[in-house]
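A.B. asks: Data: start31.json, JSON, C-alpha atoms.
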[["chain", "number", "residue", "atom", "x", "y", "z"],
["C", 1, "ASP", "CA", 67.58, 79.50, 100.30],
["C", 2, "PRO", "CA", 67.62, 80.87, 96.71],
["C", 3, "LEU", "CA", 66.67, 77.44, 95.36],
["C", 4, "LEU", "CA", 63.59, 77.41, 97.59],
["C", 5, "HIS", "CA", 62.72, 81.09, 97.24],
["C", 6, "PHE", "CA", 62.94, 81.09, 93.44],
["C", 7, "GLY", "CA", 60.83, 77.96, 92.92],
["C", 8, "ALA", "CA", 63.27, 75.04, 92.64],
["C", 9, "GLY", "CA", 62.58, 73.60, 96.10],
["C", 10, "LYS", "CA", 60.17, 70.94, 94.87],
["C", 11, "GLY", "CA", 62.26, 69.85, 91.88],
["C", 12, "GLY", "CA", 61.32, 69.62, 88.24],
["C", 13, "LYS", "CA", 63.11, 72.83, 87.22],
["C", 14, "LYS", "CA", 66.06, 73.35, 84.90],
["C", 15, "VAL", "CA", 68.71, 75.03, 87.04],
["C", 16, "GLY", "CA", 72.07, 76.41, 85.97],
["C", 17, "ILE", "CA", 74.87, 77.05, 88.41],
["C", 18, "ALA", "CA", 77.32, 79.61, 87.05],
["C", 19, "GLY", "CA", 80.74, 79.54, 88.66],
["C", 20, "ILE", "CA", 81.93, 76.13, 89.80],
["C", 21, "GLY", "CA", 83.97, 76.93, 92.88],
["C", 22, "GLY", "CA", 83.09, 76.03, 96.45],
["C", 23, "LEU", "CA", 79.67, 77.74, 96.48],
["C", 24, "GLY", "CA", 78.85, 76.55, 92.97],
["C", 25, "VAL", "CA", 79.60, 72.93, 93.87],
["C", 26, "MET", "CA", 77.22, 73.12, 96.81],
["C", 27, "GLY", "CA", 74.63, 74.72, 94.53],
["C", 28, "ILE", "CA", 74.91, 71.80, 92.12],
["C", 29, "LYS", "CA", 74.62, 69.23, 94.91],
["C", 30, "LEU", "CA", 71.66, 70.95, 96.57],
["C", 31, "ALA", "CA", 69.76, 71.55, 93.32],
["C", 32, "LEU", "CA", 70.21, 67.90, 92.32],
["C", 33, "ALA", "CA", 69.14, 66.64, 95.76],
["C", 34, "LEU", "CA", 65.95, 68.70, 95.41],
["C", 35, "GLY", "CA", 65.13, 66.87, 92.16],
["C", 36, "ASN", "CA", 66.06, 69.42, 89.50],
["C", 37, "GLU", "CA", 67.80, 69.03, 86.15],
["C", 38, "VAL", "CA", 71.12, 70.77, 86.82],
["C", 39, "TYR", "CA", 73.85, 72.22, 84.62],
["C", 40, "GLY", "CA", 77.18, 73.49, 85.85],
["C", 41, "ILE", "CA", 78.01, 76.55, 83.72],
["C", 42, "THR", "CA", 81.72, 77.22, 83.58],
["C", 43, "ASN", "CA", 84.37, 79.00, 81.55],
["C", 44, "SER", "CA", 86.84, 76.26, 82.51],
["C", 45, "PRO", "CA", 86.46, 73.17, 80.30],
["C", 46, "GLY", "CA", 88.76, 71.38, 82.76],
["C", 47, "LYS", "CA", 85.88, 71.30, 85.28],
["C", 48, "LYS", "CA", 83.61, 69.23, 82.99],
["C", 49, "ALA", "CA", 84.58, 65.83, 84.42],
["C", 50, "LYS", "CA", 84.07, 66.99, 88.00],
["C", 51, "ILE", "CA", 80.70, 68.58, 87.22],
["C", 52, "GLU", "CA", 79.54, 65.33, 85.62],
["C", 53, "GLU", "CA", 80.95, 63.35, 88.56],
["C", 54, "PHE", "CA", 78.59, 65.33, 90.83],
["C", 55, "GLY", "CA", 75.68, 64.24, 88.59],
["C", 56, "ALA", "CA", 75.10, 67.48, 86.69],
["C", 57, "LYS", "CA", 75.51, 68.27, 83.02],
["C", 58, "CYS", "CA", 78.22, 70.70, 81.92],
["C", 59, "LEU", "CA", 77.74, 73.80, 79.80],
["C", 60, "VAL", "CA", 80.96, 75.53, 78.79],
["C", 61, "ALA", "CA", 80.14, 79.24, 78.55],
["C", 62, "SER", "CA", 82.85, 79.90, 75.96],
["C", 63, "ASP", "CA", 81.27, 77.36, 73.56],
["C", 64, "GLU", "CA", 78.94, 79.64, 71.56],
["C", 65, "ASP", "CA", 77.15, 76.77, 69.80],
["C", 66, "ALA", "CA", 76.42, 74.99, 73.09],
["C", 67, "MET", "CA", 75.19, 78.23, 74.66],
["C", 68, "LYS", "CA", 72.89, 78.94, 71.67],
["C", 69, "ALA", "CA", 71.52, 75.39, 71.85],
["C", 70, "GLN", "CA", 70.51, 76.00, 75.50],
["C", 71, "ALA", "CA", 69.07, 79.49, 74.95],
["C", 72, "GLY", "CA", 65.67, 80.07, 76.51],
["C", 73, "THR", "CA", 65.61, 76.82, 78.49],
["C", 74, "PHE", "CA", 66.66, 77.59, 82.08],
["C", 75, "ASP", "CA", 64.10, 78.34, 84.77],
["C", 76, "LEU", "CA", 66.75, 79.51, 87.21],
["C", 77, "ILE", "CA", 70.44, 80.39, 87.13],
["C", 78, "LEU", "CA", 72.34, 80.79, 90.38],
["C", 79, "ASP", "CA", 75.37, 82.97, 89.66],
["C", 80, "THR", "CA", 78.12, 82.30, 92.23],
["C", 81, "VAL", "CA", 80.86, 84.14, 90.32],
["C", 82, "SER", "CA", 82.50, 86.70, 92.61],
["C", 83, "ALA", "CA", 84.59, 88.45, 89.94],
["C", 84, "LYS", "CA", 83.42, 90.93, 87.31],
["C", 85, "HIS", "CA", 81.71, 89.10, 84.45],
["C", 86, "GLU", "CA", 79.19, 89.67, 81.68],
["C", 87, "LEU", "CA", 75.58, 88.95, 82.67],
["C", 88, "MET", "CA", 74.59, 88.98, 79.00],
["C", 89, "GLN", "CA", 76.55, 85.75, 78.63],
["C", 90, "TYR", "CA", 73.88, 84.08, 80.81],
["C", 91, "ILE", "CA", 70.64, 86.08, 80.40],
["C", 92, "PRO", "CA", 69.80, 84.54, 76.97],
["C", 93, "LEU", "CA", 69.78, 81.11, 78.63],
["C", 94, "LEU", "CA", 66.71, 82.00, 80.70],
["C", 95, "ALA", "CA", 63.29, 80.67, 79.75],
["C", 96, "HIS", "CA", 60.20, 82.90, 79.78],
["C", 97, "ASP", "CA", 59.79, 84.14, 83.39],
["C", 98, "GLY", "CA", 63.24, 82.75, 84.27],
["C", 99, "THR", "CA", 65.40, 84.29, 86.99],
["C", 100, "HIS", "CA", 69.14, 84.94, 87.19],
["C", 101, "VAL", "CA", 70.14, 85.17, 90.87],
["C", 102, "LEU", "CA", 73.37, 86.88, 91.88],
["C", 103, "LEU", "CA", 75.06, 85.18, 94.84],
["C", 104, "GLY", "CA", 78.70, 86.18, 94.25],
["C", 105, "LEU", "CA", 79.70, 89.50, 95.78],
["C", 106, "VAL", "CA", 80.84, 91.62, 92.84],
["C", 107, "THR", "CA", 81.80, 95.21, 93.68],
["C", 108, "GLU", "CA", 81.77, 96.57, 90.11],
["C", 109, "PRO", "CA", 78.59, 97.51, 88.21],
["C", 110, "PHE", "CA", 77.01, 95.12, 85.73],
["C", 111, "SER", "CA", 75.66, 96.12, 82.35],
["C", 112, "PHE", "CA", 73.02, 94.30, 80.36],
["C", 113, "VAL", "CA", 70.62, 94.82, 77.49],
["C", 114, "SER", "CA", 67.00, 95.07, 78.57],
["C", 115, "LEU", "CA", 65.34, 94.19, 75.24],
["C", 116, "PRO", "CA", 65.62, 90.37, 75.47],
["C", 117, "MET", "CA", 64.65, 90.53, 79.14],
["C", 118, "VAL", "CA", 61.51, 92.57, 78.47],
["C", 119, "PHE", "CA", 60.17, 90.18, 75.83],
["C", 120, "ALA", "CA", 60.97, 87.06, 77.87],
["C", 121, "ARG", "CA", 59.91, 88.66, 81.19],
["C", 122, "THR", "CA", 63.15, 87.47, 82.78],
["C", 123, "LYS", "CA", 64.54, 88.83, 86.02],
["C", 124, "VAL", "CA", 67.86, 89.50, 87.70],
["C", 125, "ALA", "CA", 67.75, 89.17, 91.48],
["C", 126, "GLY", "CA", 70.12, 88.86, 94.40],
["C", 127, "SER", "CA", 70.12, 86.58, 97.42],
["C", 128, "VAL", "CA", 72.02, 85.89, 100.62],
["C", 129, "ILE", "CA", 71.59, 83.43, 103.49],
["C", 130, "ALA", "CA", 68.04, 83.77, 104.81],
["C", 131, "GLY", "CA", 68.53, 83.54, 108.57],
["C", 132, "ILE", "CA", 68.86, 81.03, 111.38],
["C", 133, "LYS", "CA", 65.70, 79.02, 110.67],
["C", 134, "SER", "CA", 66.48, 78.59, 106.95],
["C", 135, "THR", "CA", 70.15, 77.89, 107.66],
["C", 136, "GLN", "CA", 69.20, 75.17, 110.15],
["C", 137, "ALA", "CA", 66.76, 73.64, 107.66],
["C", 138, "CYS", "CA", 69.56, 73.58, 105.06],
["C", 139, "MET", "CA", 71.99, 71.99, 107.54],
["C", 140, "ASP", "CA", 69.40, 69.32, 108.39],
["C", 141, "PHE", "CA", 68.81, 68.67, 104.68],
["C", 142, "VAL", "CA", 72.51, 68.29, 103.81],
["C", 143, "ALA", "CA", 73.03, 65.99, 106.81],
["C", 144, "LYS", "CA", 70.06, 63.82, 105.79],
["C", 145, "LYS", "CA", 71.18, 63.67, 102.13],
["C", 146, "LYS", "CA", 74.90, 63.33, 103.04],
["C", 147, "ILE", "CA", 75.88, 66.35, 100.94],
["C", 148, "TYR", "CA", 79.42, 67.48, 101.65],
["C", 149, "GLN", "CA", 81.65, 70.28, 100.43],
["C", 150, "GLU", "CA", 84.62, 69.34, 98.26],
["C", 151, "THR", "CA", 87.71, 70.29, 100.28],
["C", 152, "GLU", "CA", 91.46, 69.91, 100.10],
["C", 153, "VAL", "CA", 93.44, 70.30, 103.30],
["C", 154, "VAL", "CA", 96.81, 71.97, 102.73],
["C", 155, "PRO", "CA", 99.63, 72.84, 105.13],
["C", 156, "CYS", "CA", 100.18, 76.52, 105.91],
["C", 157, "ASP", "CA", 103.44, 76.63, 103.97],
["C", 158, "LYS", "CA", 101.38, 76.03, 100.80],
["C", 159, "VAL", "CA", 99.25, 79.18, 101.22],
["C", 160, "ASN", "CA", 101.08, 80.99, 98.40],
["C", 161, "TRP", "CA", 100.47, 78.03, 96.09],
["C", 162, "VAL", "CA", 96.75, 78.16, 96.95],
["C", 163, "LEU", "CA", 96.57, 81.92, 96.30],
["C", 164, "GLU", "CA", 98.40, 81.56, 92.98],
["C", 165, "LYS", "CA", 96.03, 78.76, 91.95],
["C", 166, "LEU", "CA", 92.96, 80.82, 92.87],
["C", 167, "GLU", "CA", 94.24, 83.88, 91.00],
["C", 168, "SER", "CA", 95.13, 81.92, 87.86],
["C", 169, "VAL", "CA", 92.82, 79.70, 85.84],
["C", 170, "ASN", "CA", 91.37, 77.78, 88.75],
["C", 171, "ASP", "CA", 90.18, 74.46, 87.35],
["C", 172, "SER", "CA", 89.66, 72.78, 90.72],
["C", 173, "PRO", "CA", 86.18, 73.08, 92.23],
["C", 174, "VAL", "CA", 87.28, 72.69, 95.85],
["C", 175, "ARG", "CA", 87.52, 74.79, 98.98],
["C", 176, "TYR", "CA", 91.07, 74.91, 100.29],
["C", 177, "VAL", "CA", 91.40, 74.50, 104.05],
["C", 178, "LEU", "CA", 94.62, 75.52, 105.78],
["C", 179, "ASP", "CA", 95.75, 72.92, 108.31],
["C", 180, "ILE", "CA", 96.87, 75.34, 111.00],
["C", 181, "ALA", "CA", 96.83, 72.82, 113.87],
["C", 182, "ASN", "CA", 99.33, 70.48, 112.21],
["C", 183, "THR", "CA", 101.62, 73.02, 110.58],
["C", 184, "MET", "CA", 102.00, 75.81, 113.13],
["C", 185, "PRO", "CA", 104.49, 75.50, 116.00],
["C", 186, "LYS", "CA", 103.06, 74.20, 119.27],
["C", 187, "PRO", "CA", 103.39, 76.51, 122.29],
["C", 188, "ALA", "CA", 106.22, 74.35, 123.69],
["C", 189, "ASP", "CA", 108.11, 74.78, 120.39],
["C", 190, "VAL", "CA", 107.91, 78.59, 120.44],
["C", 191, "PRO", "CA", 111.09, 80.26, 121.77],
["C", 192, "GLY", "CA", 110.61, 82.48, 124.78],
["C", 193, "ASP", "CA", 107.58, 80.66, 126.22],
["C", 194, "ALA", "CA", 106.59, 80.72, 129.89],
["C", 195, "ALA", "CA", 108.83, 77.72, 130.76],
["C", 196, "GLU", "CA", 111.94, 79.81, 130.08],
["C", 197, "SER", "CA", 110.86, 82.68, 132.37]]
Spell out the structure here as structure tokens.
C.D. replies:
Amino acid sequence: DPLLHFGAGKGGKKVGIAGIGGLGVMGIKLALALGNEVYGITNSPGKKAKIEEFGAKCLVASDEDAMKAQAGTFDLILDTVSAKHELMQYIPLLAHDGTHVLLGLVTEPFSFVSLPMVFARTKVAGSVIAGIKSTQACMDFVAKKKIYQETEVVPCDKVNWVLEKLESVNDSPVRYVLDIANTMPKPADVPGDAAES
């Protein structure tokens, strides 16, 4: 919905996706399928190959020269980062009338400098899922375009490994799915079931 609402639904826009996790990957895939020029913006250089594999260009946020070279060129940035981060790292990337849309749920306040935003007439906005009709339209679109989430199925005994990976420098842009059905005991295997009564 934010791609459509903020003007990238018909393509031809320069769109940045900040935060290349599960939501960011889908943002890249959807923005590309809509016909936009798309950059994955990440602090993890290890995600570059995967971003390019999806068909987007990569912008490493910690590379000051690369960030300066892209300043003032993005029509839209979708910010999927759900941890505290500096908005002023991204705001200078926005073109005149550009919009930075917060999608990640951050519970701490942001701070930013208004001066560059005033002169460029840029905006910071927020967005969530739009409702049943828009969600269905998105589901129809991803089915038609064969857009799928990047997932890795892991057994339940690997849950600590997944949590450690997510809390450390997570350089894998996938959603981890716990395989409960194949790793939890079946009712017949559980001691004290009804058969013993």
A.B. asks: For each of C:Val124, C:Val106, C:Val113, C:Ala69, take the minimum atom-to-atom distance to C:Met88, counting all atoms listed in the file, then give the residue where this is smallest.
C.D. replies: C:Val113
A.B. asks: Fewer than 4 positions away in the same chain doesn't count, so skip those; otherwise give me all residues within 10 Å of C:Lys158, counting all atoms listed in the file, as an mmCIF file with C-alpha atoms, in the frame of the given file.
C.D. replies:
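Output saved as part_39.cif:
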data_model
loop_
_atom_site.group_PDB
_atom_site.id
_atom_site.type_symbol
_atom_site.label_atom_id
_atom_site.label_comp_id
_atom_site.auth_asym_id
_atom_site.auth_seq_id
_atom_site.Cartn_x
_atom_site.Cartn_y
_atom_site.Cartn_z
ATOM 1 C CA VAL C 154 96.810 71.970 102.730
ATOM 2 C CA VAL C 162 96.750 78.160 96.950
ATOM 3 C CA LEU C 163 96.570 81.920 96.300
ATOM 4 C CA LEU C 178 94.620 75.520 105.780
ATOM 5 C CA ASP C 179 95.750 72.920 108.310
#
A.B. asks: Excluding C:Phe119 and residues on its chain fewer than 6 positions from it, collect all residues at most 12 Å away from it, counting all atoms listed in the file, and give them as a ChimeraX atom specification.
C.D. replies: /C:72,92,94-98,113
A.B. asks: Just to be explicit: take each residue in the selection above, keep C-alpha atoms, and write the result as a PDB file, in the frame of the given file.
C.D. replies:
ATOM      1  CA  GLY C  72      65.670  80.070  76.510  1.00  0.00           C
ATOM      2  CA  PRO C  92      69.800  84.540  76.970  1.00  0.00           C
ATOM      3  CA  LEU C  94      66.710  82.000  80.700  1.00  0.00           C
ATOM      4  CA  ALA C  95      63.290  80.670  79.750  1.00  0.00           C
ATOM      5  CA  HIS C  96      60.200  82.900  79.780  1.00  0.00           C
ATOM      6  CA  ASP C  97      59.790  84.140  83.390  1.00  0.00           C
ATOM      7  CA  GLY C  98      63.240  82.750  84.270  1.00  0.00           C
ATOM      8  CA  VAL C 113      70.620  94.820  77.490  1.00  0.00           C
TER       9      VAL C 113
END
A.B. asks: Tell me, in Å to one decimal, how far atom CA of C:Glu164 is from atom CA of C:Gly24.
C.D. replies: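 A separation of 20.2 Å between them.
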A.B. asks: Tell me, in Å to one decimal, how far atom CA of C:Ala56 is from atom CA of C:Gly40.
C.D. replies: 6.4 Å
A.B. asks: Pick out the residues sitting within 12 Å of stretch 139-153 of chain C, and hand them over as a ChimeraX atom specification; count only C-alpha atoms, and ignore anything fewer than 6 positions along from it in its own chain.
C.D. replies: /C:1,9,20-34,50-51,53-54,132-133,159,162,172-183
A.B. asks: Separation of atom CA of C:Ala83 and atom CA of C:Glu108, in Å?
C.D. replies: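 So the two atoms, atom CA of C:Ala83 and atom CA of C:Glu108, lie 8.6 Å apart.
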A.B. asks: Taking all atoms of stretch 1-9 of chain C that the file lists and extending 4 Å past them on each side, where is the centre of the axis-aligned box and how long are its edges? Answer in Å to one decimal, as JSON.
C.D. replies:
{"center_x": 64.2, "center_y": 77.3, "center_z": 96.5, "size_x": 14.8, "size_y": 15.5, "size_z": 15.7}
A.B. asks: I'd like the contact shell of C:His5 - 12 Å cut-off, all atoms listed in the file, skipping same-chain residues fewer than 5 positions apart - returned as a list of chain:residue names.
C.D. replies: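 The filter keeps C:Lys10, C:Leu76, C:Leu78, C:Thr99, C:Val101, C:Ala125, C:Gly126, C:Ser127, C:Val128, C:Ile129, C:Ala130, C:Ser134.
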A.B. asks: Hey, which of C:Ala49, C:Val38, C:Ala61, C:Ala66 ends up closest to C:Gly11? Count all atoms listed in the file.
C.D. replies: C:Val38
A.B. asks: Here is a test: counting only C-alpha atoms, which residue of C:Asp75, C:Glu86, C:Glu64, C:Glu52 is nearest to C:Ala8?
C.D. replies: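 So, comparing all the options, the nearest one is C:Asp75.
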A.B. asks: Measuring atom to atom with only C-alpha atoms, identify which of C:Cys156, C:Thr80, C:Lys68, C:Gly55 is nearest to C:Thr42.
C.D. replies: C:Thr80
A.B. asks: I'd like to know which of C:Leu4, C:Ile91, C:Met117, C:Ala137 is closest to C:Thr73, using all atoms listed in the file.
C.D. replies: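 Checking each candidate against C:Thr73, we get C:Ile91 as the closest.
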